Structures are given as structure tokens and as C-alpha cells.
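**Student:** Got a structure for you, questions after.
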Amino acid sequence: MDSSAITLSQYVKRRTGVPLGSKHSMRNMLYRALGAKSFPLFWHYWNPIWSYYLSRNVMRPLNQILPNTLAVLVTFLVSGALHDVAVSLVKLKAIVFFTPWFGLMGLVVIAFSKLGISYGRAAWSIRATLNMLIIVVSLCTTYLIEGMYA
């Protein structure tokens, strides 16, 4: 099947193993994402509805004009910027936090991919801990950097 022709329903079922709207969608997404054997694979499973639209509307078009690593980074930055816009609208003030945080996680994804870092032989609990640790460390790093420029 042509990957550009895949529907949202098909995409979600591939990522979660259950149909879109299934009562087990969230459970399966969390289990697969947290237990992913690498940080890039964590993002392969995380939030399939959001990633479907990012893939179709950001990543795929960027891959046509940019090297893959740069397309990955820009996709993470766009996702972060959209999160910043949403929070800014709710708070009625400009927020720029998610863009650098997601950019940092994008850099980790690129580095792990380039270096072939995988922890697939570890138990699920260890993989989940490592994936969460990367997210928390990148979050804390973003807070630290933000504090330096405040």
C-alpha cells in the first residue's frame, strides 16, 4: 500500500493494534510507546493521531526538500510551536517553552538514530524507565536553559 494513501484509521490501527476509537487505544499506545526499544521508536508509537497529521503535513513535505535529519528536527519544532500556540491561547500570553523542549527531544531522536542506540533486549520496565528518563531529562534541561535566559 502506498504510504501516502494510508488513512488515519489504518495509521492508528498500525500504531496501537486496535481500531481508532477502541477503548484499548490509550492503553495500547502507552504500552507500546513506553516500552519502545529506542527513543525514536517511542515517538513512532506516541500519540498516533497527532503524528499522522504531522507526518502527512510536515515531515513528508519537508523530506522532499531537506535531509531527513533536518526534516525530523523541524517536525519536532513545528509540533512544539503548535503546543506553544495552544497554551498561549489558553493563558492569553505568549508562551515559548514547548518549541525548545520538543527541539531538544528531536535532537535526541536524531542522535539515537544516527548512533543506533537501542535497549530492545532490556525488560519492558527498563525500556519504559529509559524512555521516561529521556523525556524528564530533556524537560529539566529546557527548564534550566529557560531559567538562564529569563
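As shown in the C-alpha cells, the chain order sets the letters A, B, ...; within each chain, residues go from 1, and ligands are also counted from 1 in the order they appear.
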Can you pull out the residues contacting A:Lys114? Cut-off 12 Å, using only C-alpha atoms, and skip same-chain residues under 6 positions away; I want them as a list in words.
**Tutor:** Ser38, Phe39, Pro40, Asn68, Thr69, Leu107 and Val108 of chain A
**Student:** For A:Gly17, please output as a PDB file with N, CA, C and O atoms, in the first residue's frame all residues within 9 Å (counting only C-alpha atoms; exclusion window: fewer than 6 positions along the same chain).
**Tutor:**
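New file result-v5.pdb:
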ATOM      1  N   SER A  25      -7.310   1.827  22.939  1.00  0.00           N
ATOM      2  CA  SER A  25      -6.351   2.633  22.182  1.00  0.00           C
ATOM      3  C   SER A  25      -5.303   3.281  23.084  1.00  0.00           C
ATOM      4  O   SER A  25      -4.101   3.182  22.825  1.00  0.00           O
ATOM      5  N   ASN A  28      -2.950   0.680  24.763  1.00  0.00           N
ATOM      6  CA  ASN A  28      -2.001   0.112  23.807  1.00  0.00           C
ATOM      7  C   ASN A  28      -0.951   1.128  23.399  1.00  0.00           C
ATOM      8  O   ASN A  28       0.225   0.791  23.272  1.00  0.00           O
ATOM      9  N   MET A  29      -1.371   2.382  23.171  1.00  0.00           N
ATOM     10  CA  MET A  29      -0.412   3.415  22.799  1.00  0.00           C
ATOM     11  C   MET A  29       0.633   3.595  23.907  1.00  0.00           C
ATOM     12  O   MET A  29       1.830   3.627  23.643  1.00  0.00           O
TER      13      MET A  29
END
**Student:** Take atom CA of A:Asp84 and atom CA of A:Phe98 and report the distance between them in Å, one decimal.
**Tutor:** 5.6 Å
**Student:** As number ranges by chain, please: every residue in chain A that DSSP puts in helix (DSSP H, G or I).
**Tutor:** A: 3-5, 8-16, 25-34, 39-45, 48-65, 68-91, 98-115, 124-148
**Student:** Please measure the separation of atom CA of A:Gly106 and atom CA of A:Leu77, giving the value in Å to one decimal.
**Tutor:** 7.8 Å
**Student:** Let me make sure I understand: among A:Leu104, A:Ile110, A:Val137, A:Ser9, which one has the smallest atom-to-atom distance to A:Pro67 if we use only C-alpha atoms?
**Tutor:** A:Ile110
**Student:** Tell me, as a ChimeraX atom specification, which residues lie within 9 Å of A:Ile134, counting only C-alpha atoms; anything in the same chain fewer than 4 positions away does not count.
**Tutor:** /A:39,105,108,129-130,138-139
**Student:** Please, could you write that set of residues out with N, CA and C atoms as a PDB file, in the first residue's frame?
**Tutor:**
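Contents of result-v4.pdb, freshly written:
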ATOM      1  N   PHE A  39      14.396   5.498  21.720  1.00  0.00           N
ATOM      2  CA  PHE A  39      13.651   6.745  21.820  1.00  0.00           C
ATOM      3  C   PHE A  39      12.998   7.131  20.489  1.00  0.00           C
ATOM      4  N   MET A 105      14.206  17.187  22.222  1.00  0.00           N
ATOM      5  CA  MET A 105      13.856  15.773  22.060  1.00  0.00           C
ATOM      6  C   MET A 105      14.083  15.320  20.614  1.00  0.00           C
ATOM      7  N   VAL A 108      17.627  14.446  20.292  1.00  0.00           N
ATOM      8  CA  VAL A 108      17.893  13.138  20.900  1.00  0.00           C
ATOM      9  C   VAL A 108      17.455  12.027  19.944  1.00  0.00           C
ATOM     10  N   THR A 129      11.325   2.966  31.691  1.00  0.00           N
ATOM     11  CA  THR A 129      12.062   3.879  32.562  1.00  0.00           C
ATOM     12  C   THR A 129      13.034   4.728  31.752  1.00  0.00           C
ATOM     13  N   LEU A 130      13.747   4.108  30.825  1.00  0.00           N
ATOM     14  CA  LEU A 130      14.696   4.854  29.995  1.00  0.00           C
ATOM     15  C   LEU A 130      13.990   5.885  29.117  1.00  0.00           C
ATOM     16  N   SER A 138      15.197  15.866  29.309  1.00  0.00           N
ATOM     17  CA  SER A 138      15.064  16.938  28.323  1.00  0.00           C
ATOM     18  C   SER A 138      14.150  18.048  28.846  1.00  0.00           C
ATOM     19  N   LEU A 139      13.122  17.693  29.600  1.00  0.00           N
ATOM     20  CA  LEU A 139      12.249  18.687  30.221  1.00  0.00           C
ATOM     21  C   LEU A 139      13.034  19.533  31.219  1.00  0.00           C
TER      22      LEU A 139
END
**Student:** Considering only C-alpha atoms, return as a list in words whatever protein or nucleic-acid residues lie within 7 Å of stretch 117-125 of chain A, sequence-local ones (same chain, fewer than 3 positions apart) excluded.
**Tutor:**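 Returned residues: Gly35, Lys37, Ser38, Phe112, Ser113, Ala128 and Thr129 of chain A.
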**Student:** Measuring between only C-alpha atoms, which one of A:Ile145, A:Met26, A:Leu92, A:Val58 shows the shortest distance to A:Trp46?
**Tutor:**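 For A:Trp46, the nearest of the candidates is A:Met26.
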**Student:** In Å to one decimal, how far is atom CA of A:Thr142 from atom CA of A:Arg127?
**Tutor:** 22.7 Å
**Student:** Find, counting only C-alpha atoms, the residue in A:Val136, A:Lys91, A:Val74, A:Pro48 that gets nearest to A:Arg60.
**Tutor:** A:Val74
**Student:** With a distance cut-off of 12 Å and only C-alpha atoms, select the neighbouring residues of A:Pro61, excluding the residue or stretch itself and same-chain residues fewer than 4 positions from it, and output the selection as a list in words.
**Tutor:**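 Non-adjacent residues within range: Ser4, Tyr53, Leu54, Ser55, Arg56, Asn57, Ile65, Leu66, Pro67, Asn68, Ala71, Val72, Val74 and Thr75 of chain A.
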**Student:** Counting only C-alpha atoms, what is within 6 Å of A:Thr99, bar same-chain residues fewer than 2 positions away, as a PyMOL selection string?
**Tutor:** chain A and resi 77+80-81+97+101-103
**Student:** Produce a file of the selected residues containing C-alpha atoms, as a short mmCIF file (atom, residue, chain, number, x, y, z; two decimals), in the first residue's frame.
**Tutor:**
data_model
loop_
_atom_site.label_atom_id
_atom_site.label_comp_id
_atom_site.auth_asym_id
_atom_site.auth_seq_id
_atom_site.Cartn_x
_atom_site.Cartn_y
_atom_site.Cartn_z
CA LEU A 77 9.96 22.16 16.31
CA GLY A 80 6.40 22.22 19.84
CA ALA A 81 5.37 25.54 18.28
CA PHE A 97 8.51 26.50 26.09
CA TRP A 101 11.75 21.22 24.59
CA PHE A 102 10.49 19.37 21.53
CA GLY A 103 13.52 20.58 19.57
#
